[in-house]
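Inspection log for the structure reproduced underneath, given as structure tokens.
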Amino acid sequence: MTTGLTRPDGPAKLTGTAHYAADADTSDALAAALVTTTVPNGRLTALHTADAEAAPGVVRVLTRADLPPLGELSTPPLGFPVPPLLEDTVHHEGEPIAVVLAETWEQARHAATLVRAEYADVTPAVPFGQAEDVVPHGGLVFGETDESKGDVTAGLAAADVSVTATYTTADRHHSPIEPHATLARWDGDQLVLHSSVQSVLFAQAALAALFGVPPENVRVFCPFVGGGFGCKGFVWPHIPLAAAAARVTGRPVKLVLTRAQMFTLAGHQPATRQTVSLGATSDGRLTALRHTSSNASAQLGDYCENTPHGSTWMYASPAIETSTRIQRLHRPGPTPMRSPHEGPGMFALESAMDELAHELGMDPVELRLRNEPEVDPLTGEPFSSRKLVECLREGARRFGWSERNPEIGSMRDGHELIGWGMAAATMDSPRSPSSARLRIDHTGHVVVETGMQEIGTGLPAMVQAVAAETLGCPPEDVAVRHGDSDFPPHTGTFGSMSTMGLGSAVRAAAESALEKLGAEPGDPLAGALAEAGLTELESEGRWSPEGGGMTRGRTGGYSIHTYGSIFVEVRVDPDLGLLRMSRAVGVYAGGRILNPLAARSQMIGGITWGYGQAVLEQSVFEPNLGRFLSKNLAGYIVPVNADIGEIDVSFVDDDDRVASAIGAKGIGELGAVGVSAAIANAVFHATGRRVRDLPIRIHHLLP
Amino acid sequence: MIPFDYQRAEDTRSAVATVTARPGAAFLGAGTNLVDHLKLGVAAPDLLVDVSHLPFDMIEPLAGGGVRIGATVRNSDLAVDPVIRQRYPMVSAALLSGASGQLRNVATTAGNLMQRTRCPYFQDVTTPCNKRRPGSGCSALEGYHRDHAILGASRHCVAVHPSDLAVALTALGAVVQVEGVKGARSIPIIDLYRLPDDAPQHDTVLEHGELITAVDLPALPMATRSTYRKVRDRASYAFALVSVAAAVDVERGTVRDVRVALGGVAHKPWRARRAEEALRGAPATDDAFRAAAEAELAGARPLRDNAFKVPMARNTIVATLRELTRREEP
């Protein structure tokens, strides 16, 4: 099981036969194009649709009055808590106000440009930082907004050395290759939906509630997602709009968001401003840790980027205090983006730890080792498994950290300055229910069915691996069918939860099959069926964390998280301010690794993702227009191959049977955490410049 | 998409006549920029005359030692041409620093020169932009302008020209061959491009219907020691914050002649004549390079958020000249 499995979905993807949402048969479908607001606030006072309605191929232009009545629903499962077409109050630029339906996509898109809107009471958008910090409320607040133990003020006063600094992270967009796409088809009161979503379960539940039909009347297909990273986790307005348009017109409707619409109608990771204070004794033991945060949020929904969360379990400190606030601004609604909360948060904490190490004159790895807690420092509860020390030691060894000259600017390669920096990484371990059905036929061939989507991470290979391990059969004897809401439900491919939940469910299904057969793992399945007088055997497996619903990492008396270390080498051209990452070593503890090939690939992607956060990614919020400016992949830049140097990924031994029945934890988001801090720390080592604002751009480093 | 007519050009004369006669017509090369503009609504021609198959796909020697590059030579082919690589390495380097392999495989020489600014306001039809809609105002002036001009801009437009190739051609002093209904004319590339002044809707001096058929490179022996340096946030597939095309002729530590042009700093590729003047006869040292760069950039008028481009341009000029002159040492 440790050799690594190639993906069963690989050939279909390589040959273009893997069907994505927009590939669904649309021969009789209308094409839909959204018309969106061009102002950030105020009121919509008039919509002129006559020109659009007269344009070639246009069948209908829908405005709010044309929609069927829709039920009330909360966030989540909705991504943004307003009806899917605006009636009056404008919440942000890029909000849907009309849907143009035409025979072709080109006709619909052209006609959408002919719809004219009038607005009143539009005022300049208040920028992030200039609104009031408020306590967020509702379903988009993940975890506590305020946590504390001990007396931080006293701890800072008692410290021999202390640091306090403010760090900022940028607005970022997920930018998957595949945009959101939905094909909706009604047959009476039965709705069939092909939609690119990270949870067919959420889509099914949301559409059933909105349209007032039982969930079993809504069937959602999504076998493959062409990248999600969080922006397809919740149900965004175009999905109910496609379904409403199909209902109103009596024809199937296909709605694909444009790349620009992906920047306003599918969430983003909001800009954050964080302040960290650390106090320590002269031998490097923390006396206090305070981490406060505020993020840009929308007018509605109160999405909260809980950046200080990881600071509550990361280091031993007698006093810990965190708080997180939001500013309600006229901006599109944010949503979780790889890696939410700890991704921006660990940039601040791990930069501050580096600043503290520098003040103490202590090696930054050693500082972290000295503050390793025995139990969760906030709650006093045991860790389910925590291998941070092993990650730090192994990372330092693989990187060659002992060769580092700690003096600033002391390492050079010809003209270039070399910087070595490191950071620790962690992610919370939310977990959620999952289920799978397993069938064995008389030839011993196994089929596993589950509502899960293959989102690029290799979940079908994981399912094969767990089924094969449990049954003791070759993985290639196991076929995996997925992405249909008629299959046993899987909560969603987000939050790094799928392997734990689905893997445990598949194992349960396989164990149940063996039990029904009275067979042992490794017994030939065809023979076992024949002996039992069966031509086919079916079993179901379910798994859920304690309590039966979705949980966060602190649950059931345990503190459940994943850990890692990241070491990077950067090269800075001192004349041009050019920064490149030539080398990265990541060592991770994320429970039992079921498929090393896929896991390694995940972490390489994560480190690359973290490089984007550190050096490139920033959605500019245009101050005068009150909108994200460059809503395309030329203006919003993500890493390319030439940016990424050598990446070395490995895992330490870990097996967490508290987290899941199969010993696994989730790793999808862990790899992107800590990279930005390690790079900023390496930049400081190379240049003496402490950059506390992401992304670190050339203009920060010019002489 | 707005419906439009399409014609594949049979020959130069008829293509030029057709476009000249129809105010809404446009030439189509590979379409790597124009087709984007059609989709975005930035351009709405009613007729596209496809000139990408006209017989201008040769790279030929010119009498007098220069080289003629046909207008439809693809960027990839031009970049790897042995004569270009050996005699004008800055041209090859500039091409290879731009776009992606896929784009370079289709993009044409003339199309590269005629591509338009990537100013985000220009590309977003819902925002004011004097280049796209004359008289509507410049959104970048008080808006987001980190990537914008520091030299030669006006209050009407602060956009920069995006081509890398054009910067190298400007340093070399290339001449553009143009066909129009009134006949052929030759335009030095330095004069092809305009500063924005009060008419930023015009990138070049070409009349409607005039077609670039070739670009002539002068003999210029010192161009064998030339290069192109592009500074940008991303290591590949991004436009220049600042770029420098330079050729230098050094003898016994003294600069005999030099060519320098800058990209990413102005509405047109910027020939650094003041820097060139300062360098002729000067010692080939970092101090002299720096002084020359500062002489050129004394006229820089950065905007609120792009002052960093001034030291960036200065240091890139110094680094590029240093690299070239060090190469000359045995």
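As shown in the structure tokens, the chain order sets the letters A, B, ...; within each chain, residues go from 1, and ligands are also counted from 1 in the order they appear.
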Tell me as number ranges by chain which residues belonging to chain B come within 7 Å of chain A, counting only C-alpha atoms.
B: 1-2, 120, 143-144, 233-236, 308, 312, 315-316
Output file for the selection above: all heavy atoms, as an mmCIF file, in the first residue's frame:
```cif
data_model
loop_
_atom_site.group_PDB
_atom_site.id
_atom_site.type_symbol
_atom_site.label_atom_id
_atom_site.label_comp_id
_atom_site.auth_asym_id
_atom_site.auth_seq_id
_atom_site.Cartn_x
_atom_site.Cartn_y
_atom_site.Cartn_z
ATOM 1 N N MET B 1 -21.107 37.784 -29.015
ATOM 2 C CA MET B 1 -20.164 38.372 -29.975
ATOM 3 C C MET B 1 -20.933 39.152 -31.030
ATOM 4 O O MET B 1 -21.999 38.736 -31.470
ATOM 5 C CB MET B 1 -19.331 37.259 -30.643
ATOM 6 C CG MET B 1 -18.186 37.788 -31.487
ATOM 7 S SD MET B 1 -17.365 36.481 -32.409
ATOM 8 C CE MET B 1 -16.491 35.618 -31.112
ATOM 9 N N ILE B 2 -20.410 40.279 -31.425
ATOM 10 C CA ILE B 2 -21.051 41.092 -32.457
ATOM 11 C C ILE B 2 -20.692 40.504 -33.815
ATOM 12 O O ILE B 2 -19.518 40.264 -34.102
ATOM 13 C CB ILE B 2 -20.553 42.552 -32.356
ATOM 14 C CG1 ILE B 2 -20.889 43.096 -30.960
ATOM 15 C CG2 ILE B 2 -21.185 43.411 -33.449
ATOM 16 C CD1 ILE B 2 -20.229 44.407 -30.650
ATOM 17 N N PRO B 120 -5.368 47.518 -17.590
ATOM 18 C CA PRO B 120 -6.619 46.830 -17.243
ATOM 19 C C PRO B 120 -7.858 47.673 -17.525
ATOM 20 O O PRO B 120 -8.932 47.115 -17.778
ATOM 21 C CB PRO B 120 -6.479 46.534 -15.745
ATOM 22 C CG PRO B 120 -5.383 47.408 -15.257
ATOM 23 C CD PRO B 120 -4.489 47.672 -16.428
ATOM 24 N N GLY B 143 -6.068 55.905 -10.475
ATOM 25 C CA GLY B 143 -6.472 54.576 -10.025
ATOM 26 C C GLY B 143 -5.262 53.677 -9.794
ATOM 27 O O GLY B 143 -4.280 54.090 -9.171
ATOM 28 N N TYR B 144 -5.361 52.460 -10.311
ATOM 29 C CA TYR B 144 -4.269 51.498 -10.148
ATOM 30 C C TYR B 144 -3.303 51.668 -11.308
ATOM 31 O O TYR B 144 -3.665 51.482 -12.465
ATOM 32 C CB TYR B 144 -4.836 50.077 -10.126
ATOM 33 C CG TYR B 144 -3.769 49.025 -10.014
ATOM 34 C CD1 TYR B 144 -3.143 48.782 -8.793
ATOM 35 C CD2 TYR B 144 -3.366 48.292 -11.126
ATOM 36 C CE1 TYR B 144 -2.155 47.832 -8.684
ATOM 37 C CE2 TYR B 144 -2.372 47.327 -11.015
ATOM 38 C CZ TYR B 144 -1.776 47.100 -9.791
ATOM 39 O OH TYR B 144 -0.792 46.154 -9.683
ATOM 40 N N ASP B 233 7.223 40.408 -12.304
ATOM 41 C CA ASP B 233 6.928 39.709 -11.052
ATOM 42 C C ASP B 233 7.029 38.199 -11.222
ATOM 43 O O ASP B 233 7.542 37.500 -10.361
ATOM 44 C CB ASP B 233 5.509 40.059 -10.585
ATOM 45 C CG ASP B 233 5.392 41.525 -10.210
ATOM 46 O OD1 ASP B 233 6.215 41.997 -9.411
ATOM 47 O OD2 ASP B 233 4.489 42.205 -10.729
ATOM 48 N N ARG B 234 6.501 37.699 -12.328
ATOM 49 C CA ARG B 234 6.490 36.264 -12.568
ATOM 50 C C ARG B 234 7.642 35.931 -13.502
ATOM 51 O O ARG B 234 7.972 36.715 -14.384
ATOM 52 C CB ARG B 234 5.134 35.879 -13.167
ATOM 53 C CG ARG B 234 4.985 34.434 -13.486
ATOM 54 C CD ARG B 234 3.531 34.015 -13.594
ATOM 55 N NE ARG B 234 2.845 34.541 -14.767
ATOM 56 C CZ ARG B 234 1.552 34.340 -15.006
ATOM 57 N NH1 ARG B 234 0.821 33.655 -14.155
ATOM 58 N NH2 ARG B 234 0.993 34.830 -16.078
ATOM 59 N N ALA B 235 8.214 34.753 -13.338
ATOM 60 C CA ALA B 235 9.434 34.428 -14.077
ATOM 61 C C ALA B 235 9.202 34.250 -15.566
ATOM 62 O O ALA B 235 10.129 34.341 -16.362
ATOM 63 C CB ALA B 235 10.072 33.163 -13.490
ATOM 64 N N SER B 236 7.977 33.976 -15.957
ATOM 65 C CA SER B 236 7.673 33.775 -17.363
ATOM 66 C C SER B 236 6.222 34.152 -17.592
ATOM 67 O O SER B 236 5.424 34.215 -16.656
ATOM 68 C CB SER B 236 7.892 32.294 -17.722
ATOM 69 O OG SER B 236 7.487 32.054 -19.054
ATOM 70 N N PHE B 308 8.800 53.201 -8.070
ATOM 71 C CA PHE B 308 9.821 52.147 -8.019
ATOM 72 C C PHE B 308 10.397 51.837 -9.391
ATOM 73 O O PHE B 308 11.491 51.281 -9.511
ATOM 74 C CB PHE B 308 9.246 50.872 -7.391
ATOM 75 C CG PHE B 308 8.298 50.138 -8.291
ATOM 76 C CD1 PHE B 308 8.755 49.091 -9.081
ATOM 77 C CD2 PHE B 308 6.941 50.474 -8.365
ATOM 78 C CE1 PHE B 308 7.885 48.406 -9.917
ATOM 79 C CE2 PHE B 308 6.071 49.802 -9.189
ATOM 80 C CZ PHE B 308 6.543 48.766 -9.977
ATOM 81 N N MET B 312 14.284 50.878 -10.682
ATOM 82 C CA MET B 312 14.294 49.587 -11.368
ATOM 83 C C MET B 312 14.864 49.743 -12.780
ATOM 84 O O MET B 312 15.705 48.941 -13.213
ATOM 85 C CB MET B 312 12.878 49.017 -11.425
ATOM 86 C CG MET B 312 12.793 47.687 -12.151
ATOM 87 S SD MET B 312 11.085 47.093 -12.227
ATOM 88 C CE MET B 312 10.916 46.402 -10.590
ATOM 89 N N ASN B 315 18.668 50.499 -12.535
ATOM 90 C CA ASN B 315 19.475 49.324 -12.192
ATOM 91 C C ASN B 315 19.459 48.269 -13.283
ATOM 92 O O ASN B 315 20.430 47.522 -13.447
ATOM 93 C CB ASN B 315 18.980 48.722 -10.871
ATOM 94 C CG ASN B 315 19.208 49.658 -9.702
ATOM 95 O OD1 ASN B 315 19.785 50.731 -9.861
ATOM 96 N ND2 ASN B 315 18.751 49.255 -8.529
ATOM 97 N N THR B 316 18.371 48.199 -14.015
ATOM 98 C CA THR B 316 18.323 47.219 -15.104
ATOM 99 C C THR B 316 19.228 47.655 -16.248
ATOM 100 O O THR B 316 19.897 46.822 -16.877
ATOM 101 C CB THR B 316 16.870 47.017 -15.587
ATOM 102 O OG1 THR B 316 16.036 46.766 -14.457
ATOM 103 C CG2 THR B 316 16.770 45.842 -16.537
#
```
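Near range 482-486 of chain A, within a cut-off of 8 Å and counting only C-alpha atoms, sit the residues Val200, Leu201, Gln204, Arg219, Val220, Phe221, Cys222, Pro223, Phe224, Glu449, Thr450, Gly451, Met452, Gln453 and Glu454 of chain A, with same-chain residues fewer than 4 positions away left out.
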Export of prior selection with C-alpha atoms as an mmCIF file, in the first residue's frame:
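Final output, result_38.cif:
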```
data_model
loop_
_atom_site.group_PDB
_atom_site.id
_atom_site.type_symbol
_atom_site.label_atom_id
_atom_site.label_comp_id
_atom_site.auth_asym_id
_atom_site.auth_seq_id
_atom_site.Cartn_x
_atom_site.Cartn_y
_atom_site.Cartn_z
ATOM 1 C CA VAL A 200 -23.371 17.277 -4.881
ATOM 2 C CA LEU A 201 -24.982 16.909 -1.450
ATOM 3 C CA GLN A 204 -29.028 18.862 -3.924
ATOM 4 C CA ARG A 219 -30.431 14.724 -8.931
ATOM 5 C CA VAL A 220 -26.994 16.295 -9.196
ATOM 6 C CA PHE A 221 -24.195 14.949 -11.349
ATOM 7 C CA CYS A 222 -20.605 15.992 -10.888
ATOM 8 C CA PRO A 223 -18.060 13.222 -11.413
ATOM 9 C CA PHE A 224 -15.167 15.608 -12.132
ATOM 10 C CA GLU A 449 -20.050 3.963 -5.576
ATOM 11 C CA THR A 450 -19.992 7.283 -3.756
ATOM 12 C CA GLY A 451 -21.238 10.838 -4.226
ATOM 13 C CA MET A 452 -17.663 12.149 -4.107
ATOM 14 C CA GLN A 453 -16.180 14.215 -6.962
ATOM 15 C CA GLU A 454 -12.719 13.676 -8.377
#
```
Strand (DSSP E) residues, from DSSP on the backbone, in range 444-571 of chain A, as an NGL selection string:
:A and (446-450 or 478-482 or 536-543 or 554-555 or 558-559 or 561-571)
Could you jot down the CA of Gly610 in chain A to CA of Leu594 in chain A separation for me, Å, one decimal place?
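Going from CA of Gly610 in chain A over to CA of Leu594 in chain A, I get 23.5 Å.
For the residues B:Gly31, B:Pro3, B:Pro188, B:Pro89, ranking by smallest atom-to-atom distance to Arg104 in chain B using only C-alpha atoms places B:Gly31 first.
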I'd like the neighbourhood of range 173-175 of chain A as a ChimeraX atom specification, where a residue qualifies if any of its atoms comes within 10 Å (using only C-alpha atoms), though same-chain residues fewer than 2 positions away should be ignored.
/A:170-171,177-179,227-232,259,262-264,266-270,334-338,617-619,631-633,636-638
Among the residues B:Leu47, B:Ala71, B:Ala199, B:Val255, the one that comes closest to Arg22 in chain B [using only C-alpha atoms]
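Comparing B:Leu47, B:Ala71, B:Ala199, B:Val255 against Arg22 in chain B, the winner is B:Leu47.
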What is the CA of Val478 in chain A to CA of Ala21 in chain A distance in Å?
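These atoms are spaced 25.1 Å apart.
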What is the distance between CA of Leu95 in chain B and CA of Val83 in chain B, in Å to one decimal?
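A separation of 14.6 Å between them.
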So that I can check the secondary structure, give me every residue of range 118-270 of chain B assigned alpha helix (DSSP H) by backbone DSSP, as JSON, numbers by chain.
{"B": [165, 166, 167, 168, 169, 170, 171, 172, 189, 190, 191, 192]}
Between B:Leu211, B:Val231, B:Ala30, B:Val265, single out the one closest to Asp147 in chain B, counting only C-alpha atoms.
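Distance minimum relative to Asp147 in chain B lands on B:Val265.
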Neighbour list for Val260 in chain B as an NGL selection string, cut-off 12 Å, only C-alpha atoms, skip fewer than 3 positions in-chain
:B and (90 or 167-173 or 223 or 226-229 or 243-249 or 257 or 263 or 269-280 or 289 or 292-293 or 296 or 313-314 or 316-318 or 320-321 or 324)
